[in-house]
Amino acid sequence: MKEYRDKPTRFVEPNAAELKARGRRNIGIAVALAAFMIFVFVTMVTRGSA
Amino acid sequence: MTEASTISSEAEDYLPVAQPTGMSIAEPRDYFALMKPRVMSLVVFTAWAGLVCAPGVIPIWKAIASIICIAAGAGASGALNMWYDADIDAQMSRTKKRPIPQGKMSPTAALTFGIMISAASVWMLSIAANWLAASLLAFTIFFYLVVYTMWLKRTTPQNIVIGGAAGAFPPMIGYVAVTGSISLDSVILFLITFMWTPPHFWALALYKTGDYGRVGIPMMPNVAGAKSTRLQIFVYALILFAVCLVPLFTGLGGAFYAVAAIGLNVGFLALSYKVWKSRAGEREEASDEASLYEVQKGDRAARNLFAYSIIYLFAIFGVLAAEGLMKGFVS
């Protein structure tokens, strides 16, 4: 069955610098989220035990 | 004028570096720069000092968590400040390399980042410590963004005098994180940083007059003149000396603090006196150096006071913290 979609006419391929920055941002977000989850866990536990 | 050319010229006005595909080239280090790490280090240190000075003990994890939250809150307010001030940052030698003026990050990204980190830091501090400390942190972020950045900074030469309260709250928040209440000693910690702020910033403003003048920020040297600013620096140094003696009467500071505080304040007073008697800030052409420390000959006294004031604050709170540690603060 044929899909009716607009063709992406104004799409521009990201350059190498942008892809590299995106990759580093993704790693940064993942690390920050992991640290935040540990942080939440630890503070909740310590609050409970205080 | 065509629609395309209108968009193009506006984009050039607001983004010095073009982003052809619309994808951000901001890396994690740019977000870190957005949080003003140098200011954050001072905030972390004074908050930590407030925490260990406070009477009472808290679990070590609570102490670490509280410091992280205060640091994150300070960083978030730095990001919000850079979002609002992006227009003037681009024109000042000291700030033109920040992520937004460089075009690495859109102002919206900085705003979103600032709001998210603000909310997370306040919420987490309420869990890690108590609601009073979290409320003070929220108020500090509000004060720095709305009262200082949006209102006072561009309207009055008293901007950093009143706005300095935002930088003075962290040691108080650290203290309140332990005690859960605002006491006289926590107010003294606030007052030390509050009275330290004008001489610290005006010393910088004396040799960066051109920078602030170029973007229309009414810093004291631009409005009242260099001579009046130098005198006010000396007056604030005297008040600071008096405030630093108060902990000796409330019991916050002991014998070690007495010796250190008197020595450090004599040094601060001597450098302030040198600034008062110097011709700092009276050049026709203001320095355009990006560095905070490269100055022309006449401004050296102001540069020396600015550099000393940073060491001074670390030392004063360091001594208070050392005495607090000797009493013990964690369980």
# chains A, B, ... in the order shown; residues from 1 in each chain; ligands from 1

call {"tool": "closest_atom_pairs", "arguments": {"of": "chain B", "to": "chain A", "cutoff": "8 Å", "atoms": "only C-alpha atoms", "output": "CSV"}}
result
residue,atom,partner,partner_atom,distance
B:Thr21,CA,A:Val12,CA,5.8
B:Met23,CA,A:Glu18,CA,6.5
B:Ser24,CA,A:Glu18,CA,6.6
B:Ile25,CA,A:Glu18,CA,5.0
B:Ala26,CA,A:Ala21,CA,6.1
B:Glu27,CA,A:Ala21,CA,5.2
B:Pro28,CA,A:Arg25,CA,5.7
B:Pro59,CA,A:Ala50,CA,7.2
B:Trp61,CA,A:Thr46,CA,6.8
B:Lys62,CA,A:Thr43,CA,6.5
B:Ala65,CA,A:Thr43,CA,6.7
B:Met124,CA,A:Val40,CA,7.2
B:Ile127,CA,A:Thr43,CA,6.7
B:Ala128,CA,A:Thr43,CA,5.3

call {"tool": "residues_around", "arguments": {"residues": "range 209-223 of chain B", "least_positions_apart": "3", "cutoff": "8 Å", "atoms": "only C-alpha atoms", "output": "MDAnalysis selection string"}}
result
chainID B and resid 88 91:94 153:159 202 205:206 226:229 281 285:288

call {"tool": "residues_around", "arguments": {"residues": "His200 in chain B", "least_positions_apart": "2", "cutoff": "6 Å", "atoms": "only C-alpha atoms", "output": "number ranges by chain"}}
result
B: 197-198, 202-203, 306, 309

call {"tool": "write_last_selection", "arguments": {"atoms": "all heavy atoms", "output": "compact mmCIF listing (two decimals), in the first residue's frame"}}
result
# COMPACT_ATOMS: atom_id res chain seq x y z
N THR B 197 31.32 41.31 48.42
CA THR B 197 31.00 41.41 46.99
C THR B 197 31.30 42.78 46.36
O THR B 197 31.93 42.82 45.30
CB THR B 197 29.52 41.01 46.74
OG1 THR B 197 29.29 39.75 47.34
CG2 THR B 197 29.20 40.93 45.27
N PRO B 198 30.87 43.91 46.96
CA PRO B 198 31.14 45.19 46.30
C PRO B 198 32.63 45.47 46.04
O PRO B 198 33.00 45.77 44.90
CB PRO B 198 30.50 46.22 47.24
CG PRO B 198 29.43 45.46 47.94
CD PRO B 198 29.98 44.09 48.12
N TRP B 202 33.85 45.71 42.21
CA TRP B 202 34.25 47.05 41.78
C TRP B 202 35.73 47.11 41.44
O TRP B 202 36.13 47.90 40.58
CB TRP B 202 33.88 48.08 42.85
CG TRP B 202 32.40 48.35 42.89
CD1 TRP B 202 31.50 48.13 41.88
CD2 TRP B 202 31.64 48.89 43.97
NE1 TRP B 202 30.23 48.48 42.28
CE2 TRP B 202 30.29 48.97 43.55
CE3 TRP B 202 31.95 49.30 45.26
CZ2 TRP B 202 29.27 49.44 44.37
CZ3 TRP B 202 30.94 49.79 46.08
CH2 TRP B 202 29.61 49.85 45.64
N ALA B 203 36.54 46.29 42.14
CA ALA B 203 37.97 46.23 41.78
C ALA B 203 38.09 45.75 40.33
O ALA B 203 38.87 46.30 39.54
CB ALA B 203 38.71 45.29 42.73
N PHE B 306 41.43 42.53 43.37
CA PHE B 306 40.50 41.54 42.81
C PHE B 306 41.03 40.11 43.03
O PHE B 306 40.30 39.24 43.50
CB PHE B 306 40.28 41.80 41.32
CG PHE B 306 39.43 40.77 40.64
CD1 PHE B 306 38.06 40.74 40.86
CD2 PHE B 306 39.98 39.81 39.80
CE1 PHE B 306 37.27 39.77 40.25
CE2 PHE B 306 39.20 38.86 39.19
CZ PHE B 306 37.83 38.84 39.41
N SER B 309 41.02 39.23 46.74
CA SER B 309 39.68 39.05 47.31
C SER B 309 39.18 37.61 47.12
O SER B 309 38.44 37.10 47.97
CB SER B 309 38.69 40.04 46.69
OG SER B 309 38.51 39.78 45.32

call {"tool": "closest_residue", "arguments": {"among": "B:Thr140, B:Ser272, B:Ser121, B:Ser135", "to": "Val176 in chain B", "atoms": "only C-alpha atoms"}}
result
B:Ser135

call {"tool": "residues_around", "arguments": {"residues": "range 108-120 of chain B", "least_positions_apart": "5", "cutoff": "9 Å", "atoms": "only C-alpha atoms", "output": "list of chain:residue names"}}
result
B:Tyr31, B:Leu34, B:Met35, B:Cys69, B:Ala72, B:Gly73, B:Ala74, B:Gly75, B:Ala76, B:Ser77, B:Gly78, B:Ala79, B:Leu80, B:Asn81, B:Met82, B:Trp83, B:Tyr84, B:Ile100, B:Leu125, B:Leu137, B:Ala138, B:Ile141

call {"tool": "atom_distance", "arguments": {"atom1": "CA of Tyr257 in chain B", "atom2": "CA of Ile173 in chain B"}}
result
21.3 Å

call {"tool": "atom_distance", "arguments": {"atom1": "CA of Val43 in chain B", "atom2": "CA of Ile316 in chain B"}}
result
13.6 Å

call {"tool": "decode", "arguments": {"residues": "chain A", "atoms": "C-alpha atoms", "output": "short mmCIF file (atom, residue, chain, number, x, y, z; two decimals), in the first residue's frame"}}
result
data_model
loop_
_atom_site.label_atom_id
_atom_site.label_comp_id
_atom_site.auth_asym_id
_atom_site.auth_seq_id
_atom_site.Cartn_x
_atom_site.Cartn_y
_atom_site.Cartn_z
CA MET A 1 0.00 0.00 0.00
CA LYS A 2 1.35 3.36 -0.99
CA GLU A 3 2.12 5.88 1.74
CA TYR A 4 1.35 9.53 1.19
CA ARG A 5 4.01 11.67 2.77
CA ASP A 6 5.70 14.94 2.08
CA LYS A 7 9.17 14.46 0.74
CA PRO A 8 11.80 16.07 2.97
CA THR A 9 12.88 18.77 0.54
CA ARG A 10 14.81 20.96 2.99
CA PHE A 11 16.75 18.21 4.70
CA VAL A 12 20.44 18.96 5.16
CA GLU A 13 22.91 16.26 6.13
CA PRO A 14 24.56 17.11 9.45
CA ASN A 15 28.28 17.70 9.15
CA ALA A 16 31.00 15.80 11.00
CA ALA A 17 31.32 18.40 13.77
CA GLU A 18 27.58 18.30 14.48
CA LEU A 19 27.49 14.51 14.55
CA LYS A 20 30.47 14.41 16.89
CA ALA A 21 28.81 16.98 19.17
CA ARG A 22 25.56 14.99 19.15
CA GLY A 23 27.41 11.80 20.07
CA ARG A 24 29.15 13.50 22.97
CA ARG A 25 25.88 15.06 24.12
CA ASN A 26 24.20 11.67 24.12
CA ILE A 27 26.99 10.20 26.25
CA GLY A 28 26.84 13.26 28.52
CA ILE A 29 23.07 12.93 28.97
CA ALA A 30 23.37 9.20 29.68
CA VAL A 31 26.10 9.74 32.29
CA ALA A 32 24.21 12.64 33.89
CA LEU A 33 20.96 10.65 34.07
CA ALA A 34 22.75 7.66 35.59
CA ALA A 35 24.43 9.92 38.15
CA PHE A 36 21.09 11.59 38.90
CA MET A 37 19.37 8.24 39.47
CA ILE A 38 22.13 7.12 41.84
CA PHE A 39 21.89 10.51 43.57
CA VAL A 40 18.12 10.22 44.03
CA PHE A 41 18.48 6.68 45.31
CA VAL A 42 21.23 7.53 47.79
CA THR A 43 19.49 10.62 49.17
CA MET A 44 16.19 8.77 49.55
CA VAL A 45 17.91 5.91 51.36
CA THR A 46 19.90 8.21 53.66
CA ARG A 47 16.80 10.23 54.42
CA GLY A 48 15.01 7.06 55.35
CA SER A 49 17.80 5.94 57.64
CA ALA A 50 18.46 9.33 59.27
#
